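Working notes for the structure below.
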Amino acid sequence: MLRVASNVHGPARWAPVLAAVILAAGCATGPDVQVPTRAGTASLGVAAAAFTDGGELPAEFTCDGAGDFPAVSWGELPDGTAAVAVLVHDPDAPGGDFVHRLVSNLGPASGLLDTAATPAGALELRTSGGTDGWVPPCPPDGDGPHRYVFTVYALNRPTRLPETAQTQTAIATVTEAAIASGSVTAQYARP
C-alpha cells in the first residue's frame, strides 16, 4: 500500500492520485468502458439502410458473414456543428460495453458513414479490442440477442485526439464536445 506523509505539500501529495488515474486509463481499452446513454442537448434523426431500429442486424454485417459495415445516416445537424462522430457499441457484452467502432472528425456535410474504410479527413479511434476500425459483431455462442447501438454525435469542435487514445478517453472527449446525438439499434444472436 502506498502511504503519503500528512506533511507532504505541493505536487508530491497528488502522486498517489495521479498514479491511480494513469493506471485506470491504461485499462480502458477492454470491454469495461462506459458509454453514456445521451450526449448533447438536441436529438438527431439516425437511420440504417440494412435494419430498422430495434430490428435484426443481417448476418452479412457480423463475423458470421462478410463483416461489412452497415451504412448509417443522419438528418439535419444543429447550428454550430463542426464535426460528426459515430460510435457503435454492444451494451450486452460480457463485462460491459464493447466498442465496435469509434470514428470522429467526419465532415458535417457528409450525412452518411457507409463503409468500414476511414473516410478522408476522419479519425478512426481504438475499439475495445485495441484496434482501430470496424470490428464486426460476434456475440458468444449461446448468448441471447445482443444490442448494437449506432450513435451519431454532432460535435461543436473536432476531437483533436491522437489515434492511440484510449477508448474511454476518446468516448469522453466525443461526448464532451457533443451538442446533439441520436441512435439506431440492431440486435444479433449467433445462429
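Just remember, in the C-alpha cells the first chain shown is A, the second B, etc., residues are 1-based per chain, and ligands are 1-based in the order shown.
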(request) Using DSSP on the backbone, list every residue of stretch 21-186 of chain A that comes out as strand (DSSP E), and give them as a PyMOL selection string. (result) chain A and resi 42-43+46-48+72-74+83-90+98-106+112-113+123-125+146-155+178-186
(request) Write out as a list of chain:residue names each polymer residue whose atoms come within 6 Å of A:Cys63, counting only C-alpha atoms; drop sequence neighbours fewer than 2 positions from it. (result) A:Gly65, A:Gly67, A:Pro136, A:Cys138
Residue subset to file, keeping N, CA and C atoms, as a compact mmCIF listing (two decimals), in the first residue's frame:
# COMPACT_ATOMS: atom_id res chain seq x y z
N GLY A 65 -20.82 -13.48 -41.34
CA GLY A 65 -20.92 -13.11 -42.75
C GLY A 65 -19.63 -12.44 -43.19
N GLY A 67 -18.78 -9.39 -42.64
CA GLY A 67 -18.30 -8.41 -41.66
C GLY A 67 -18.31 -6.99 -42.17
N PRO A 136 -16.58 -6.35 -36.56
CA PRO A 136 -17.92 -6.91 -36.76
C PRO A 136 -18.45 -7.59 -35.50
N CYS A 138 -19.86 -10.20 -32.96
CA CYS A 138 -19.65 -11.64 -32.86
C CYS A 138 -19.97 -12.07 -31.43
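One distance worth recording is that between atom CA of A:Thr159 and atom CA of A:Ala93, which is 26.6 Å.
Atom CA of A:Pro119 to atom CA of A:Val72 spans 13.4 Å [interatomic distance, one decimal].
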(request) Check the smallest atom-to-atom distance from each of A:Ala177, A:Ala59, A:Leu155, A:Ala109 to A:Ala83 using only C-alpha atoms, then report the winner. (result) A:Leu155
(message) Between atom CA of A:Val86 and atom CA of A:Glu60, what distance in Å does the model show, to one decimal?
(response)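 Distance reported for this atom pair: 20.1 Å.
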(request) Determine the nearest neighbour of A:Pro140 from the options A:His100, A:Arg190, A:Arg160, A:Arg126, counting only C-alpha atoms. (result) A:Arg190
(request) Tell me which protein, DNA and RNA residues are within 6 Å of A:His89, counting only C-alpha atoms, leaving out same-chain ones fewer than 3 positions away, and put them as an MDAnalysis selection string. (result) chainID A and resid 98:100 148:149
Next, write the just-selected residues to a file, as a CSV table (one decimal), in the first residue's frame, keeping C-alpha atoms as the atom set.
chain,number,residue,atom,x,y,z
A,98,PHE,CA,-17.8,-3.3,-26.0
A,99,VAL,CA,-16.9,-0.6,-28.6
A,100,HIS,CA,-17.1,-2.0,-32.2
A,148,TYR,CA,-25.7,-3.0,-31.2
A,149,VAL,CA,-26.2,0.8,-30.7
(request) Mind the document's chain letters and residue numbers, and return as a PyMOL selection string the residues of stretch 24-171 of chain A that DSSP labels alpha helix (DSSP H). (result) chain A and resi 24-26+167-171
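Among A:Ile171, A:Val152, A:Leu161, A:Val135, the residue with the shortest atom-to-atom distance to A:Ser183, counting only C-alpha atoms, is A:Val152.
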Would you tabulate, counting only C-alpha atoms, all residues of stretch 66-98 of chain A that have an atom at most 6 Å from an atom of stretch 39-55 of chain A, showing the closest pair of atoms and their distance in Å to one decimal, sorted by chain then ascending number, as JSON lines?
{"residue": "A:Ala71", "atom": "CA", "partner": "A:Ala48", "partner_atom": "CA", "distance": 5.8}
{"residue": "A:Val72", "atom": "CA", "partner": "A:Ala48", "partner_atom": "CA", "distance": 4.6}
{"residue": "A:Ser73", "atom": "CA", "partner": "A:Ala47", "partner_atom": "CA", "distance": 5.3}
{"residue": "A:Trp74", "atom": "CA", "partner": "A:Val46", "partner_atom": "CA", "distance": 4.4}
{"residue": "A:Gly75", "atom": "CA", "partner": "A:Gly45", "partner_atom": "CA", "distance": 5.2}
(request) Within 8 Å of stretch 122-125 of chain A, counting only C-alpha atoms, which residues show up once you throw out same-chain ones fewer than 3 positions away? Write them as a PyMOL selection string, please. (result) chain A and resi 101-107+118-119+131-133+163-165+167+170
Please produce a file of those selected residues containing N, CA and C atoms, as a PDB file, in the first residue's frame.
ATOM      1  N   ARG A 101     -16.799   0.314 -32.972  1.00  0.00           N
ATOM      2  CA  ARG A 101     -16.228   1.329 -33.853  1.00  0.00           C
ATOM      3  C   ARG A 101     -16.419   2.696 -33.213  1.00  0.00           C
ATOM      4  N   LEU A 102     -15.409   3.541 -33.381  1.00  0.00           N
ATOM      5  CA  LEU A 102     -15.495   4.938 -32.978  1.00  0.00           C
ATOM      6  C   LEU A 102     -14.702   5.735 -34.003  1.00  0.00           C
ATOM      7  N   VAL A 103     -15.425   6.496 -34.791  1.00  0.00           N
ATOM      8  CA  VAL A 103     -14.789   7.345 -35.805  1.00  0.00           C
ATOM      9  C   VAL A 103     -15.248   8.776 -35.546  1.00  0.00           C
ATOM     10  N   SER A 104     -14.293   9.705 -35.601  1.00  0.00           N
ATOM     11  CA  SER A 104     -14.580  11.098 -35.288  1.00  0.00           C
ATOM     12  C   SER A 104     -14.075  11.994 -36.410  1.00  0.00           C
ATOM     13  N   ASN A 105     -14.430  13.249 -36.285  1.00  0.00           N
ATOM     14  CA  ASN A 105     -13.990  14.298 -37.215  1.00  0.00           C
ATOM     15  C   ASN A 105     -14.490  14.071 -38.638  1.00  0.00           C
ATOM     16  N   LEU A 106     -15.662  13.424 -38.747  1.00  0.00           N
ATOM     17  CA  LEU A 106     -16.320  13.333 -40.049  1.00  0.00           C
ATOM     18  C   LEU A 106     -16.827  14.722 -40.413  1.00  0.00           C
ATOM     19  N   GLY A 107     -16.786  15.059 -41.704  1.00  0.00           N
ATOM     20  CA  GLY A 107     -17.285  16.357 -42.137  1.00  0.00           C
ATOM     21  C   GLY A 107     -18.781  16.479 -41.884  1.00  0.00           C
ATOM     22  N   THR A 118     -11.888   4.201 -43.451  1.00  0.00           N
ATOM     23  CA  THR A 118     -11.930   5.514 -42.809  1.00  0.00           C
ATOM     24  C   THR A 118     -12.093   6.595 -43.868  1.00  0.00           C
ATOM     25  N   PRO A 119     -13.144   7.404 -43.769  1.00  0.00           N
ATOM     26  CA  PRO A 119     -13.332   8.488 -44.740  1.00  0.00           C
ATOM     27  C   PRO A 119     -12.190   9.507 -44.667  1.00  0.00           C
ATOM     28  N   THR A 131      -7.918  -2.305 -31.407  1.00  0.00           N
ATOM     29  CA  THR A 131      -7.590  -1.953 -32.788  1.00  0.00           C
ATOM     30  C   THR A 131      -8.434  -0.762 -33.207  1.00  0.00           C
ATOM     31  N   ASP A 132      -8.080  -0.145 -34.319  1.00  0.00           N
ATOM     32  CA  ASP A 132      -8.954   0.896 -34.843  1.00  0.00           C
ATOM     33  C   ASP A 132      -9.721   0.319 -36.031  1.00  0.00           C
ATOM     34  N   GLY A 133     -10.850   0.916 -36.329  1.00  0.00           N
ATOM     35  CA  GLY A 133     -11.674   0.440 -37.434  1.00  0.00           C
ATOM     36  C   GLY A 133     -12.812  -0.445 -36.950  1.00  0.00           C
ATOM     37  N   GLU A 163      -4.501   9.031 -32.614  1.00  0.00           N
ATOM     38  CA  GLU A 163      -5.081   7.731 -32.992  1.00  0.00           C
ATOM     39  C   GLU A 163      -4.914   6.701 -31.889  1.00  0.00           C
ATOM     40  N   THR A 164      -3.929   6.890 -31.038  1.00  0.00           N
ATOM     41  CA  THR A 164      -3.639   5.928 -29.974  1.00  0.00           C
ATOM     42  C   THR A 164      -4.386   6.219 -28.677  1.00  0.00           C
ATOM     43  N   ALA A 165      -5.314   7.168 -28.691  1.00  0.00           N
ATOM     44  CA  ALA A 165      -6.056   7.499 -27.473  1.00  0.00           C
ATOM     45  C   ALA A 165      -6.785   6.267 -26.950  1.00  0.00           C
ATOM     46  N   THR A 167      -9.721   4.063 -25.426  1.00  0.00           N
ATOM     47  CA  THR A 167     -11.130   4.048 -25.805  1.00  0.00           C
ATOM     48  C   THR A 167     -11.963   4.935 -24.893  1.00  0.00           C
ATOM     49  N   ALA A 170     -11.340   8.605 -25.530  1.00  0.00           N
ATOM     50  CA  ALA A 170     -11.948   9.036 -26.787  1.00  0.00           C
ATOM     51  C   ALA A 170     -13.455   9.225 -26.633  1.00  0.00           C
TER      52      ALA A 170
END
